[in-house]
Structure formats: structure tokens, C-alpha cells
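One file, structure_19.txt, is given below (compact mmCIF, C-alpha atoms).
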```txt
# COMPACT_ATOMS: atom_id res chain seq x y z
CA MET A 1 79.41 -9.23 62.87
CA THR A 2 75.98 -9.29 64.39
CA PHE A 3 77.11 -6.83 67.05
CA VAL A 4 78.50 -4.43 64.43
CA ILE A 5 75.27 -4.54 62.41
CA SER A 6 73.16 -4.02 65.53
CA LYS A 7 75.31 -1.07 66.55
CA LEU A 8 75.05 0.46 63.08
CA PHE A 9 71.28 -0.02 63.13
CA ALA A 10 71.07 1.70 66.50
CA VAL A 11 73.07 4.68 65.22
CA LEU A 12 70.92 4.97 62.11
CA PHE A 13 67.80 4.72 64.25
CA LEU A 14 68.96 7.52 66.55
CA VAL A 15 69.89 9.69 63.59
CA SER A 16 66.46 9.15 62.05
CA ILE A 17 64.76 10.00 65.34
CA GLY A 18 66.88 13.16 65.59
CA GLN A 19 65.83 14.13 62.08
CA VAL A 20 62.19 13.68 63.04
CA PHE A 21 62.66 15.90 66.10
CA LEU A 22 64.41 18.55 64.01
CA LEU A 23 61.66 18.39 61.42
CA ASP A 24 58.98 18.74 64.08
CA ALA A 25 60.86 21.68 65.62
CA SER A 26 61.22 23.41 62.26
CA ARG A 27 57.53 22.85 61.55
CA ALA A 28 56.62 24.29 64.94
CA ALA A 29 58.80 27.31 64.31
CA ALA A 30 57.31 27.78 60.87
CA ALA A 31 53.80 27.55 62.33
CA GLU A 32 54.40 30.45 64.70
CA GLU A 33 52.75 33.70 63.68
CA ASN A 34 54.82 36.83 64.05
CA VAL A 35 53.22 39.56 66.17
CA ARG A 36 54.55 43.08 66.73
CA LEU A 37 53.88 44.75 70.08
CA SER A 38 54.89 48.21 71.29
CA VAL A 39 55.65 49.15 74.90
CA ALA A 40 55.93 52.78 75.93
CA ALA A 41 58.59 52.15 78.59
CA VAL A 42 60.52 49.32 80.21
CA THR A 43 58.95 49.28 83.67
CA GLY A 44 56.94 47.04 85.94
CA SER A 45 53.75 48.37 84.36
CA TYR A 46 54.43 45.97 81.49
CA MET A 47 55.41 42.94 83.53
CA ASP A 48 52.41 41.03 82.15
CA GLU A 49 53.96 41.33 78.68
CA PHE A 50 57.49 40.50 79.89
CA VAL A 51 56.35 37.42 81.80
CA ALA A 52 54.18 36.21 78.90
CA ILE A 53 57.27 36.22 76.69
CA GLU A 54 59.71 34.77 79.21
CA LYS A 55 57.40 32.00 80.43
CA GLY A 56 56.51 31.00 76.88
CA TYR A 57 52.79 31.76 77.16
CA HIS A 58 52.76 33.41 73.73
CA ARG A 59 54.76 30.55 72.26
CA ASP A 60 52.18 28.13 73.66
CA GLU A 61 49.63 30.01 71.57
CA GLY A 62 51.74 29.64 68.43
CA LEU A 63 52.94 33.25 68.46
CA ALA A 64 56.39 34.80 68.10
CA VAL A 65 56.31 38.29 69.63
CA GLU A 66 58.57 41.15 68.60
CA MET A 67 58.57 43.85 71.26
CA ILE A 68 59.28 47.41 70.14
CA ARG A 69 59.87 50.27 72.55
CA THR A 70 58.27 53.51 71.44
CA GLY A 71 56.10 56.30 72.84
CA GLY A 72 52.33 56.40 72.53
CA GLY A 73 52.19 58.94 69.70
CA VAL A 74 54.48 56.96 67.42
CA ALA A 75 52.94 53.61 68.42
CA THR A 76 49.43 54.81 67.65
CA GLN A 77 50.40 55.97 64.16
CA ALA A 78 52.09 52.59 63.56
CA LEU A 79 48.92 50.87 64.76
CA ILE A 80 46.80 52.88 62.33
CA ALA A 81 49.21 52.14 59.47
CA GLY A 82 49.15 48.42 60.22
CA ASP A 83 52.81 48.26 61.22
CA LEU A 84 51.87 47.04 64.70
CA HIS A 85 49.41 44.40 65.82
CA PHE A 86 49.13 45.62 69.42
CA SER A 87 50.06 48.79 71.29
CA THR A 88 50.27 49.07 75.07
CA SER A 89 49.68 52.84 74.71
CA ALA A 90 45.93 52.42 74.93
CA GLY A 91 45.49 55.96 76.24
CA SER A 92 47.19 57.52 73.25
CA ALA A 93 45.16 55.27 70.96
CA LEU A 94 41.97 56.50 72.61
CA GLY A 95 42.90 60.08 71.75
CA ALA A 96 43.33 59.04 68.13
CA MET A 97 39.98 57.23 68.20
CA LEU A 98 38.30 60.47 69.18
CA ARG A 99 39.70 61.94 65.97
CA GLY A 100 38.31 59.08 63.92
CA ALA A 101 40.97 56.34 64.04
CA ASP A 102 39.46 52.85 63.76
CA ILE A 103 41.02 51.27 66.86
CA LYS A 104 39.69 49.44 69.91
CA VAL A 105 40.95 49.18 73.49
CA ILE A 106 40.59 45.50 74.40
CA TYR A 107 42.37 45.27 77.77
CA THR A 108 43.21 47.55 80.67
CA ASN A 109 45.90 46.30 83.02
CA ILE A 110 46.21 49.45 85.15
CA ASP A 111 43.61 52.16 85.75
CA ARG A 112 45.73 54.46 87.89
CA PRO A 113 48.82 56.31 86.65
CA GLY A 114 51.72 55.60 88.98
CA TYR A 115 53.03 59.17 88.86
CA GLN A 116 53.67 61.97 91.27
CA LEU A 117 54.26 65.38 89.75
CA TRP A 118 57.48 66.83 91.13
CA SER A 119 58.97 70.25 90.60
CA GLY A 120 62.63 70.69 89.81
CA GLN A 121 62.86 74.06 91.52
CA PRO A 122 62.57 74.63 95.30
CA GLU A 123 60.41 77.72 94.74
CA ILE A 124 57.74 75.75 92.86
CA LYS A 125 55.76 74.34 95.77
CA THR A 126 52.20 73.97 94.46
CA LEU A 127 50.39 73.26 91.23
CA LYS A 128 49.47 76.94 91.05
CA ASP A 129 53.19 77.83 91.06
CA LEU A 130 53.53 75.75 87.91
CA ILE A 131 51.47 78.14 85.76
CA GLY A 132 53.58 79.42 82.88
CA LYS A 133 56.27 76.79 83.51
CA ARG A 134 57.49 73.78 81.53
CA VAL A 135 56.46 70.21 82.31
CA GLY A 136 58.49 67.35 80.81
CA VAL A 137 56.56 64.37 79.42
CA THR A 138 57.70 61.34 77.43
CA SER A 139 55.79 62.42 74.31
CA ARG A 140 52.98 64.83 73.55
CA GLY A 141 49.51 63.50 74.19
CA ASP A 142 50.73 60.53 76.25
CA THR A 143 49.44 59.40 79.62
CA GLN A 144 51.94 61.56 81.47
CA GLU A 145 50.56 64.69 79.82
CA LEU A 146 47.01 63.51 80.42
CA SER A 147 47.78 62.87 84.10
CA VAL A 148 49.17 66.38 84.53
CA ARG A 149 46.21 67.92 82.72
CA LEU A 150 43.74 66.00 84.88
CA LEU A 151 45.57 67.02 88.06
CA LEU A 152 45.47 70.68 87.05
CA ARG A 153 41.80 70.45 86.12
CA LYS A 154 40.91 68.69 89.36
CA HIS A 155 42.54 71.52 91.30
CA GLY A 156 40.68 74.19 89.36
CA LEU A 157 43.57 75.21 87.09
CA ASP A 158 43.66 75.61 83.32
CA ALA A 159 45.27 72.50 81.82
CA ASN A 160 46.75 74.69 79.08
CA SER A 161 48.44 77.04 81.54
CA VAL A 162 51.72 75.08 81.36
CA ALA A 163 53.94 74.12 78.41
CA TYR A 164 54.25 70.38 77.79
CA VAL A 165 57.74 69.49 76.56
CA PRO A 166 58.53 66.02 75.13
CA VAL A 167 61.78 64.88 76.73
CA GLY A 168 61.80 61.11 76.15
CA PHE A 169 62.13 58.12 78.45
CA GLY A 170 63.65 57.38 81.84
CA ALA A 171 67.14 58.78 82.26
CA THR A 172 66.61 61.44 79.58
CA ARG A 173 63.52 62.72 81.36
CA LEU A 174 65.29 62.71 84.74
CA ALA A 175 68.22 64.61 83.24
CA ALA A 176 65.84 67.23 81.86
CA LEU A 177 64.47 67.76 85.37
CA GLN A 178 67.85 67.84 87.08
CA THR A 179 69.44 70.24 84.59
CA GLY A 180 66.49 72.63 84.63
CA THR A 181 65.49 72.01 81.00
CA VAL A 182 61.97 71.59 82.39
CA ASP A 183 60.48 72.79 85.67
CA ALA A 184 58.57 69.65 86.61
CA VAL A 185 58.04 66.05 85.47
CA PRO A 186 55.78 63.16 86.46
CA LEU A 187 57.92 60.64 88.36
CA GLY A 188 57.24 56.94 88.73
CA ALA A 189 58.56 54.35 91.17
CA GLY A 190 61.62 53.58 89.06
CA ASP A 191 62.48 57.26 88.86
CA PHE A 192 62.33 57.61 92.63
CA ALA A 193 64.58 54.60 93.07
CA GLN A 194 67.20 56.26 90.87
CA LEU A 195 66.84 59.77 92.28
CA LYS A 196 66.71 58.65 95.91
CA GLU A 197 65.51 62.13 96.95
CA PRO A 198 63.93 64.42 94.33
CA LYS A 199 64.73 68.11 94.52
CA GLY A 200 61.86 70.57 94.77
CA HIS A 201 58.37 69.58 95.87
CA MET A 202 55.70 67.01 95.16
CA LEU A 203 52.91 69.00 93.49
CA GLY A 204 50.30 66.28 93.05
CA ASP A 205 49.80 62.52 93.29
CA ALA A 206 48.11 61.24 90.12
CA GLU A 207 47.98 57.67 91.45
CA LYS A 208 45.73 58.72 94.32
CA GLU A 209 43.68 61.35 92.52
CA ILE A 210 43.17 60.13 88.93
CA ARG A 211 41.41 57.13 87.35
CA PHE A 212 41.33 56.26 83.65
CA ALA A 213 42.10 53.47 81.16
CA TYR A 214 45.83 53.86 81.68
CA VAL A 215 47.92 50.83 80.61
CA GLY A 216 46.48 48.08 78.46
CA LEU A 217 46.23 47.02 74.84
CA ALA A 218 44.83 48.65 71.73
CA VAL A 219 44.36 46.93 68.36
CA PRO A 220 43.26 48.04 64.90
CA SER A 221 39.54 47.32 64.53
CA ARG A 222 40.23 45.56 61.22
CA LEU A 223 42.49 43.05 62.98
CA LEU A 224 39.84 42.42 65.62
CA ALA A 225 37.23 41.85 62.91
CA ARG A 226 39.34 39.77 60.50
CA ASN A 227 41.39 37.71 62.93
CA PRO A 228 39.75 37.59 66.36
CA ASN A 229 41.47 34.24 66.99
CA LEU A 230 44.90 35.87 66.81
CA VAL A 231 43.78 38.63 69.17
CA GLU A 232 42.40 36.08 71.62
CA ARG A 233 45.54 33.93 71.55
CA PHE A 234 47.79 36.91 72.14
CA LEU A 235 45.57 38.23 74.93
CA ARG A 236 45.44 34.80 76.59
CA GLY A 237 49.23 34.81 76.77
CA VAL A 238 49.18 38.28 78.31
CA ILE A 239 46.56 37.33 80.90
CA LYS A 240 48.54 34.24 81.90
CA GLY A 241 51.63 36.43 82.26
CA ARG A 242 49.63 38.85 84.37
CA GLU A 243 48.34 36.18 86.71
CA TYR A 244 51.79 34.64 87.07
CA ALA A 245 53.26 38.04 87.97
CA ARG A 246 50.57 38.68 90.56
CA ARG A 247 51.28 35.40 92.34
CA TYR A 248 55.05 35.06 92.15
CA ARG A 249 56.90 38.15 93.27
CA GLU A 250 60.34 36.59 93.68
CA GLN A 251 60.26 34.97 90.24
CA THR A 252 58.83 38.04 88.50
CA ILE A 253 61.31 40.62 89.78
CA PRO A 254 64.28 39.07 87.88
CA ILE A 255 62.14 38.97 84.74
CA ILE A 256 61.44 42.68 85.08
CA GLY A 257 65.16 43.20 85.64
CA LYS A 258 66.04 41.42 82.41
CA TYR A 259 64.16 44.13 80.52
CA THR A 260 64.92 47.19 82.67
CA GLN A 261 68.62 46.35 83.15
CA ARG A 262 68.45 47.99 86.58
CA LYS A 263 69.55 46.83 90.01
CA ARG A 264 67.20 44.49 91.84
CA GLU A 265 66.26 47.11 94.43
CA PHE A 266 64.79 49.32 91.70
CA ASN A 267 62.77 46.45 90.27
CA GLU A 268 61.48 45.50 93.71
CA VAL A 269 60.12 49.02 94.22
CA ASP A 270 58.67 48.96 90.72
CA TYR A 271 56.91 45.63 91.30
CA ASP A 272 55.60 46.54 94.75
CA THR A 273 54.13 49.85 93.56
CA THR A 274 52.63 48.36 90.39
CA LEU A 275 50.84 45.41 91.97
CA PRO A 276 48.28 47.48 93.98
CA VAL A 277 47.15 49.49 90.94
CA LEU A 278 46.30 46.53 88.68
CA THR A 279 42.67 46.21 87.64
CA ALA A 280 40.89 43.15 88.99
CA GLU A 281 40.46 41.32 85.67
CA GLY A 282 41.79 43.50 82.87
CA TRP A 283 38.89 45.88 82.32
CA VAL A 284 37.44 49.15 83.64
CA GLY A 285 33.87 50.00 84.70
CA GLU A 286 31.55 52.13 82.62
CA ASP A 287 31.55 55.22 84.84
CA ALA A 288 35.34 55.53 84.70
CA LEU A 289 35.35 54.97 80.93
CA LYS A 290 32.72 57.64 80.34
CA GLU A 291 34.71 60.21 82.31
CA ASP A 292 37.95 59.12 80.64
CA VAL A 293 36.54 59.62 77.14
CA ALA A 294 35.10 63.02 78.06
CA MET A 295 38.44 64.21 79.46
CA ARG A 296 40.40 62.99 76.47
CA ALA A 297 37.92 64.63 74.11
CA GLU A 298 38.68 67.91 75.84
CA LEU A 299 42.41 67.22 75.48
CA VAL A 300 42.17 66.76 71.71
CA ASN A 301 39.60 69.55 71.36
CA VAL A 302 36.69 67.51 70.00
CA ALA A 303 33.13 67.06 71.25
CA ALA A 304 32.69 64.21 73.69
CA PRO A 305 30.85 61.38 71.88
CA ALA A 306 27.53 60.16 73.21
CA ASP A 307 28.51 56.52 72.62
CA TYR A 308 31.73 56.31 74.63
CA ALA A 309 31.52 52.49 74.83
CA LYS A 310 32.26 52.10 71.11
CA PHE A 311 35.95 52.67 71.80
CA PHE A 312 36.25 49.64 74.09
CA ASP A 313 35.72 45.92 73.63
CA TYR A 314 36.47 43.93 76.76
CA SER A 315 34.51 40.88 75.59
CA ILE A 316 37.61 38.79 74.82
CA VAL A 317 39.41 39.47 78.10
CA LYS A 318 36.23 38.64 80.03
CA LYS A 319 35.85 35.41 78.03
CA ILE A 320 39.46 34.40 78.76
CA TYR A 321 39.04 34.96 82.50
CA ARG A 322 35.83 32.93 82.51
CA GLU A 323 37.52 30.06 80.72
CA LEU A 324 40.62 30.09 82.93
CA LYS A 325 38.47 30.02 86.04
CA ALA A 326 36.27 27.23 84.66
CA SER A 327 39.31 25.13 83.81
CA GLY A 328 40.93 25.75 87.18
CA TRP A 329 44.09 27.03 85.50
CA GLU A 330 46.85 28.18 87.83
CA PRO A 331 50.34 29.30 86.73
CA ALA A 332 53.17 27.04 87.78
CA PRO A 333 56.05 28.83 89.55
```
As C-alpha cells, what does this structure read like?
Amino acid sequence: MTFVISKLFAVLFLVSIGQVFLLDASRAAAAEENVRLSVAAVTGSYMDEFVAIEKGYHRDEGLAVEMIRTGGGVATQALIAGDLHFSTSAGSALGAMLRGADIKVIYTNIDRPGYQLWSGQPEIKTLKDLIGKRVGVTSRGDTQELSVRLLLRKHGLDANSVAYVPVGFGATRLAALQTGTVDAVPLGAGDFAQLKEPKGHMLGDAEKEIRFAYVGLAVPSRLLARNPNLVERFLRGVIKGREYARRYREQTIPIIGKYTQRKREFNEVDYDTTLPVLTAEGWVGEDALKEDVAMRAELVNVAAPADYAKFFDYSIVKKIYRELKASGWEPAP
């Protein structure tokens, strides 16, 4: 009888412990704040975001992140409307800021666009040959269009001398090039991996020739003012994801693959070409920012503002890096 009672007590004890664990789990889940993030494309350029989610760095900060894939133009409008907390299309957001949108760029992961501009026709051999032709970009006003405009300008050509045609992401953009719907497109590492050998000619290398606040994060200024703690927690998760990705190539490539759904060889190329173009600690120097703002002002046909720095606030990312260094934090593999 004593044995039976002891056994029953043990079962009841385990059940009660299980209920406590379930209650704690439900409380933890309820405590998580939902955050909406947009990414312009599923490539290695966003591996900091992918790793932050997969390694649980956002969850450690009490955040549940919903990732939405959309181009810079749409993402920026959603940011302005309050439908997004964060947009990785910081370049597009900067264009909107020049028109008066109350947004801030708080983080720059990459300051060099990983594109080469390739023609789709053998007879188009130089940038000058592109005058009057059609260039395919993901969406109007995005970083691909800006890269092409800056390349043309750098080579003494009118940035408005070509037609910019929005043709969408990845495979859709490649198909537009291959079928002749457009005459040239900016190609990234993932595109080259799929094409193997592009037809036509390489007209310019934006990665080598252009610098600007390319890939990062933009937030509504009202969110930054009203809930800086949320912004800091989210950004800390991103920075930890970034530093993990920089250190652990073999572990990061499968994470990229989970999002791209491409063969490993494509993701290896993507990772290896992205790593060298990362900024040192998530921000860009003043000279580059000043030139960036001036060029974008020309793109959107407004006067370049005297106070270019008002569009950027890197104080949080700098604070996070200082704290991580002071604590000796290192990501575990």
C-alpha cells in the first residue's frame, strides 16, 4: 500500500512539475513582442538576419520576428505607414527621407553593392552602348537602380539616358535578361552561380567602383523615439547574428540555404562574396554618407540637404559593439 501511494505521489509530482514548465513556457511565449521585418531578397546579404532568427538571438531578446520579403519601394511605404518595424531596404528609405519621410537608418551591414552590370546582347559592350536601352531592376528607386545610375555618372554618362524597368526578384529578373525583355541587369553572386556564364558583356563593376549605405536597417523615427529599448534589443540580435556568420562559414552556409532554397554551391559563392564587403562594425563614415545623400538627392530630384547626418543614427549599433567587446562576448558555434 505504501508503495502504491508513493508511486501515485511521484506521478502527481511529475504532472505538477510538467504543468509548471508548460505555464512558464506559455508565459515566455506571451512575453515575446512581435516584430515585422522586411528583406528585399533572399541572399547572403541578409545572413545576419537569417542567423539571428535561426540561432535564437532575437528570441533571447524576447522578440518574435516575422520576416516579409518585399522590394524597397513597398517596404518603405509600409515603414512609413507603421506596418513594419524594420526594413532592410535602407537605401530606398533614404530616398524617401529626402522627400520628407520621418525615418532613420540605424545600421549599415554592407557599403558596397555586390553587382556587376551585364548586357544581354553581344553587341552591347560598354556602358555607352547602353544609352537608350532598357535596364532591369528589382523595383524602381532601389539599390540596383541607384548602382546603375552611379556607374553611369562615374563614367560621364547621363543617368537618365537608359530606361529602368522593374522586373522583380531573382529568377524573374534573370528570365527578363535571357529573353531580351531588358537589355541589361545588375547581377549578383547568386545570379552568376545560376547562369554559369552570362551572355553579352560585363559593362561595369559596382562592387569595385561604388560606395554607399547599401544594406542595413531603417526604422520609423517615432519607433526610435518611443521605444528605443525594442530597437536596441532587435539590433543586438542582428549584430550577434552578424558576428556568428563572420566567424562560422560552414555553419552559416546551411542557414543561408534554408532561406534561399538553392544548392549548397550557390550559397557558398554567395557567402564568400558577401563576407569581404561587410562594414567593420555596422556603420559608414561621414564622407561616404555625405556623398551618398547628395547622389540620392539627385536621383529623387531634390536639393541635397546641408545636414546629411540627420538621416542616420548609428549610436545604438556603436553602443552594442562597445558592450559586446567589454563583456568579451563570443558566439558559440
Tell me, in Å to one decimal, how far CA of Leu152 in chain A is from CA of Arg296 in chain A. 14.0 Å
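A straight line drawn from CA of Ala175 in chain A to CA of Trp118 in chain A is 13.5 Å long.
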Tell me which of A:Lys290, A:Arg247, A:His58, A:Arg112 sits closest to Gly216 in chain A, counting all atoms listed in the file. A:Arg112
Ala294 in chain A environment, 9 Å, only C-alpha atoms, sequence neighbours closer than 6 positions dropped, as a PyMOL selection string: chain A and resi 303-305+308
Of the candidates A:Ala306, A:Leu278, A:Leu217, A:Met202, which one gets nearest to Lys125 in chain A if we count all atoms listed in the file? A:Met202
